[in-house]
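Asker: This is the structure, below, for whatever I ask next.
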Amino acid sequence: MAAWLLAAGFLAAGVYFLLLRVCGETRRWQQGEPQLVKGWLPFFGVMLDYAKNPLSFLRATQQKYGDIFTCRIAGKYLTFITDPFSFSVVMRQGRNLDFHEFAMGFSHRVFGHADFTTPVYSESYDKVHSIFTQTLQGLPLEQLSESMLDNLQTVLGQHLPSEKNWKEEGLQSFTSRIMFEAGYLTIFGRKNGVEAGSTGGVDTCMKKAKQDFFTFDRAFPVMAAGMPITLCIPALWAREALAEKLLHGELRQRMSISDLIQLRMNAFDHMHLDEIGKARTHVCMLWASQANTLPSAFWSLYYTLRCPEALAAARTEVDKVLQELDQPMNDHDMPISLSKQQLDSMTVLESIIKEALRLSSASIMIRVANNDFTLTLDSGKTAAIRKGDYIALYPQLIHMDPDIYPHPMEFRYNRFLDKSGERRSQFFKNGRQLKNYLIPFGSGASKCPGRFFAMNEIKQFLTVVLWYYDLHLSDPDSKLLPDTTRAGLGVLPPKKDALVRYRARADRYRESYTEERAN
Ligand code: HEM
């Protein structure tokens with residue numbers, strides 16, 4: 001035993017000193033470069049301080065060194081730009097700063113599909129990329145959203161409780177159950193000849209897919225930190241189980257597949273990838289379409305339920321739009337349909353979702369320098385950037401800035417509405433209007449192509465839930481916090497779940513419900 005411990009000790013010391021030698025102890029600050037923040041840990045640099053709380057770390061470093069500084073984090077050099085007016089300056093640097101190679105390299109490593117940056121694939125992959133704009137905007141977006149609303153109601157219909165008995169469930173589990181299944185069916189269609197949720201078999205398949213999705217997703221922070229997926233065995237198995245269900249042979253047996261997936265299938269069939277490689281690209285699409293949407297839907301509903309004014313305003317808007325549709329107030333059996341105009345008119349729900357995204361999204365936008373070049377910030381200050389360095393923008397610095405959003409930690413459902421209830425899009429810092437004031441979907445070349453669909457599906461989710469259910473938090477005073485261990489990866493999930501009580505909404509119950517809540 002002692003011999004083993006001694007050997008392990010020597011090995012650890014050996015690896016550590018090797019890292020010291022190999023991993024860039026030699027970098028020195030040069031004239032014109034941003035302040036270099038190396039931290040005291042060789043190789044890891046400021047990783048621990050950064051990982052503990054990226055927002056506090058960046059704020060403190062910004063106070064010390066100003067709007068641009070370079071941090072050593074796990075052997076990499078990240079230059080953070082913290083001035084919101086300089087965000088668009090970075091986005092305009094397409095020639096010097098690359099997004100694609102970095103994102104694709106990460107995707108290849110985590111999802112195990114082909115490396116689409118290699119010359120064999122890169123030209124055809126540009127065509128695959130253009131499928132996003134073809135299928136997630138305009139008329140195809142309307143069709144996709146219609147399909148989502150149908151699926152939401154099908155899924156809700158499977159478990160609709162009675163009007164008299166309250167059910168209790170974790171809000172996160174409630175949201176994920178409904179949104180995961182409806183989202184999956186919308187993007188990948190449903191099994192031929194079988195209605196969604198109509199048999200136990202489909203239900204079990206969906207539960208398994210959801211379980212696999214979460215097992216895989218839970219490993220994301222460590223994989224993003226560089227851990228190979230082969231060392232995260234449960235995540236690897238879960239990814240492969242998801243891929244098996246998304247083999248082209250399986251997908252061809254499904255009905256109502258979205259144009260997004262159908263066109264991607266055709267494109268990948270022409271690229272001569274192996275079957276499992278194609279399926280893994282669909283796992284990647286599944287993750288992109290769900291990983292941020294599920295927590296966003298959760299926070300939107302959670303904050304609405306915690307804030308009586310938000311709930312009242314949201315219900316009024318939902319009832320008004322559905323009454324305009326001649327949806328009888330007492331007929332909750334009749335399926336709802338919402339046109340693009342009606343979805344666009346739901347400005348209260350939109351403001352709630354934006355405010356929930358402002359409070360919960362913690363993504364990082366990274367670009368890699370293709371060349372040595374000089375970056376000129378909005379203030380006119382210049383910084384010499386080295387080839388291979390990472391440029392990083394952290395939108396939470398804007399989202400939580402009290403100059404832009406007074407009392408930034410508070411949920412204010414109407415923050416994104418003006419006095420007449422229209423969308424508000426003017427936000428200021430130091431008296432200057434900001435272009436980038438809310439960036440949960442990224443910006444520039446890498447901006448999320450699914451953002452319009454995401455906003456629609458969360459609006460639809462809130463609409464159907466508020467229309468079909470009476471619901472309230474079991475403990476309305478408990479305050480949930482986001483899980484910051486996922487900072488940098490998008491919308492943060494809650495640290496723990498909150499119980500919600502719900503039953504079918506019937507207007508004759510509404511009065512007693514209001515009284516009950518008032519007491
Ligand atoms: C609230 C929900 C969502 C949020 C907050 C979100 C956020 C993001 C962010 C931050 C990025 C990276 C942007 C960057 O690095 O600059 C991204 C990329 C992406 N998102 Fe979303 N997303 C959401 C929903 C969706 C949905 C529903 C879909 C698909 C239907 C989707 C598809 C994608 C794809 C394919 C990319 C990669 C784009 C590329 O490679 O150029 N997202 N998303």
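Starting from 1 in every chain, residues are counted up; chains themselves are A, B, ... following the order of the structure tokens, and ligands are numbered from 1 as listed.
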Quick one: residues within 10 Å of A:Asn96, only C-alpha atoms, excluding same-chain residues fewer than 5 positions away - as a ChimeraX atom specification?
Answerer: /A:90,367-375,385,387
Asker: Just want the 12 Å neighbourhood of A:Leu78, counted on only C-alpha atoms, with same-chain residues fewer than 4 positions away dropped. Output as a PyMOL selection string.
Answerer: chain A and resi 34-38+45-47+50+58+68-74+364-369+385-394
Asker: Please, which residues have at least one atom within 6 Å of an atom of ligand 1, using only C-alpha atoms and all ligand atoms, listed as a VMD selection string?
Answerer: chain A and resid 288 to 289 292 to 293 296 363 365 440 to 443 446 to 451 453 to 454 490 to 491
Asker: If DSSP is run on the backbone, what residues of stretch 255-480 of chain A are strand (DSSP E or B)? A reply as JSON, numbers by chain would be ideal.
Answerer: {"A": [255, 361, 362, 363, 365, 366, 367, 368, 369, 373, 374, 375, 376, 382, 383, 384, 385, 390, 391, 392, 393, 417, 423, 428, 429, 432, 433, 469, 470, 471, 472, 473]}
Asker: Which residues come within 7 Å of stretch 270-281 of chain A, counting only C-alpha atoms, excluding same-chain residues fewer than 2 positions away, as a short mmCIF file (atom, residue, chain, number, x, y, z; two decimals) with C-alpha atoms, in the first residue's frame?
Answerer:
data_model
loop_
_atom_site.label_atom_id
_atom_site.label_comp_id
_atom_site.auth_asym_id
_atom_site.auth_seq_id
_atom_site.Cartn_x
_atom_site.Cartn_y
_atom_site.Cartn_z
CA PHE A 111 -20.35 14.77 -29.46
CA GLY A 112 -17.89 12.50 -31.29
CA HIS A 113 -19.02 13.45 -34.82
CA ALA A 114 -16.57 14.05 -37.69
CA ALA A 243 -27.47 8.43 -30.95
CA LEU A 246 -31.36 9.01 -33.96
CA LEU A 247 -29.77 6.72 -36.57
CA HIS A 248 -31.13 7.58 -40.02
CA ASN A 266 -30.11 14.72 -46.65
CA ALA A 267 -26.95 16.80 -46.36
CA PHE A 268 -25.12 14.31 -44.13
CA VAL A 283 -27.49 14.36 -30.64
CA CYS A 284 -25.64 17.66 -30.96
CA MET A 285 -28.81 19.29 -32.37
#
Asker: Can you pull out every residue within 9 Å of A:Gly183, counting only C-alpha atoms, but drop anything in the same chain fewer than 5 positions away, and send it as a ChimeraX atom specification?
Answerer: /A:148,151-152,178,188,286,289-290,457
Asker: For A:Pro408, find every residue with an atom within 12 Å (counting only C-alpha atoms), except residues of its own chain fewer than 6 positions away, and show them as a list of chain:residue names.
Answerer: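 Listing them by chain and then by number gives A:Glu355, A:Ala356, A:Arg358, A:Leu359, A:Ser360, A:Gln396, A:Leu397, A:Ile398, A:His399, A:Met400, A:Asp401, A:Pro402, A:Arg415.
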Asker: Got time to write the residues from that selection, N, CA and C atoms, as a CSV table (one decimal), in the first residue's frame?
Answerer:
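Result file again-v3.csv:
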chain,number,residue,atom,x,y,z
A,355,GLU,N,-36.6,38.8,-18.9
A,355,GLU,CA,-36.1,39.1,-17.6
A,355,GLU,C,-35.6,37.8,-16.9
A,356,ALA,N,-36.2,36.7,-17.2
A,356,ALA,CA,-35.7,35.4,-16.6
A,356,ALA,C,-34.4,35.1,-17.3
A,358,ARG,N,-32.2,37.3,-18.5
A,358,ARG,CA,-31.2,38.2,-17.9
A,358,ARG,C,-30.7,37.7,-16.6
A,359,LEU,N,-31.6,37.2,-15.8
A,359,LEU,CA,-31.2,36.7,-14.4
A,359,LEU,C,-30.5,35.4,-14.4
A,360,SER,N,-30.7,34.6,-15.4
A,360,SER,CA,-30.2,33.2,-15.3
A,360,SER,C,-29.2,32.8,-16.3
A,396,GLN,N,-23.0,38.4,-18.7
A,396,GLN,CA,-23.5,38.6,-17.4
A,396,GLN,C,-23.1,39.9,-16.8
A,397,LEU,N,-21.9,40.4,-17.2
A,397,LEU,CA,-21.4,41.7,-16.7
A,397,LEU,C,-22.4,42.8,-17.1
A,398,ILE,N,-23.0,42.6,-18.2
A,398,ILE,CA,-24.0,43.6,-18.7
A,398,ILE,C,-25.3,43.4,-18.0
A,399,HIS,N,-25.7,42.1,-18.0
A,399,HIS,CA,-27.0,41.7,-17.4
A,399,HIS,C,-27.2,42.1,-16.0
A,400,MET,N,-26.0,42.2,-15.2
A,400,MET,CA,-26.1,42.4,-13.8
A,400,MET,C,-25.5,43.8,-13.4
A,401,ASP,N,-25.4,44.7,-14.5
A,401,ASP,CA,-24.9,46.0,-14.2
A,401,ASP,C,-26.0,46.9,-13.7
A,402,PRO,N,-25.8,47.4,-12.4
A,402,PRO,CA,-26.9,48.3,-11.9
A,402,PRO,C,-27.1,49.6,-12.6
A,415,ARG,N,-39.7,44.8,-17.0
A,415,ARG,CA,-38.5,45.6,-17.3
A,415,ARG,C,-38.3,45.8,-18.8
Asker: When distances are computed from only C-alpha atoms, which of A:Leu466, A:Val348, A:Leu144, A:Leu236 shows the smallest separation from A:Ile257?
Answerer: A:Leu144
Asker: Go through A:Leu489, A:Leu349, A:Cys232, A:Leu294 one by one, measure the shortest atom-to-atom distance of each to A:Glu422 using only C-alpha atoms, and give the residue with the smallest value.
Answerer: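 Checking each of A:Leu489, A:Leu349, A:Cys232, A:Leu294 against A:Glu422, counting only C-alpha atoms, the winner is A:Leu349.
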Asker: Nearest to A:Arg423: which of A:Asp378, A:Asp483, A:Glu181, A:Glu350 is it, counting only C-alpha atoms?
Answerer: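 Closest to A:Arg423 of all the choices is A:Glu350.
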Asker: To test your reading of the structure, identify every residue in stretch 83-283 of chain A that backbone DSSP assigns to helix (DSSP H, G or I), and report it as a PyMOL selection string.
Answerer: chain A and resi 84-91+100-111+119-135+138-158+171-188+200-218+220-224+229-231+233-245+248-251+259-270+275-283
Asker: So how far away is atom CA of A:Phe80 from atom CA of A:Gln62, in Å?
Answerer: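 Distance reported for this atom pair: 9.1 Å.
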Asker: Got a sec: who's within 12 Å of A:Thr230, counting only C-alpha atoms, leaving out chain neighbours fewer than 4 positions off, as JSON, numbers by chain?
Answerer: {"A": [109, 110, 111, 112, 219, 222, 223, 226, 234, 235, 236, 237, 238, 239, 240]}
Asker: Write the selection just made, keeping C-alpha atoms, as a compact mmCIF listing (two decimals), in the first residue's frame?
Answerer:
# COMPACT_ATOMS: atom_id res chain seq x y z
CA ARG A 109 -14.61 16.31 -28.97
CA VAL A 110 -17.83 16.14 -26.94
CA PHE A 111 -20.35 14.77 -29.46
CA GLY A 112 -17.89 12.50 -31.29
CA ALA A 219 -21.07 15.98 -17.54
CA VAL A 222 -16.16 18.81 -16.81
CA MET A 223 -16.05 18.11 -20.54
CA GLY A 226 -11.15 19.61 -21.01
CA PRO A 234 -22.01 7.40 -17.95
CA ALA A 235 -22.08 10.46 -20.24
CA LEU A 236 -20.47 8.47 -23.07
CA TRP A 237 -23.03 5.67 -22.74
CA ALA A 238 -25.89 8.14 -22.53
CA ARG A 239 -24.69 9.94 -25.69
CA GLU A 240 -24.43 6.67 -27.56
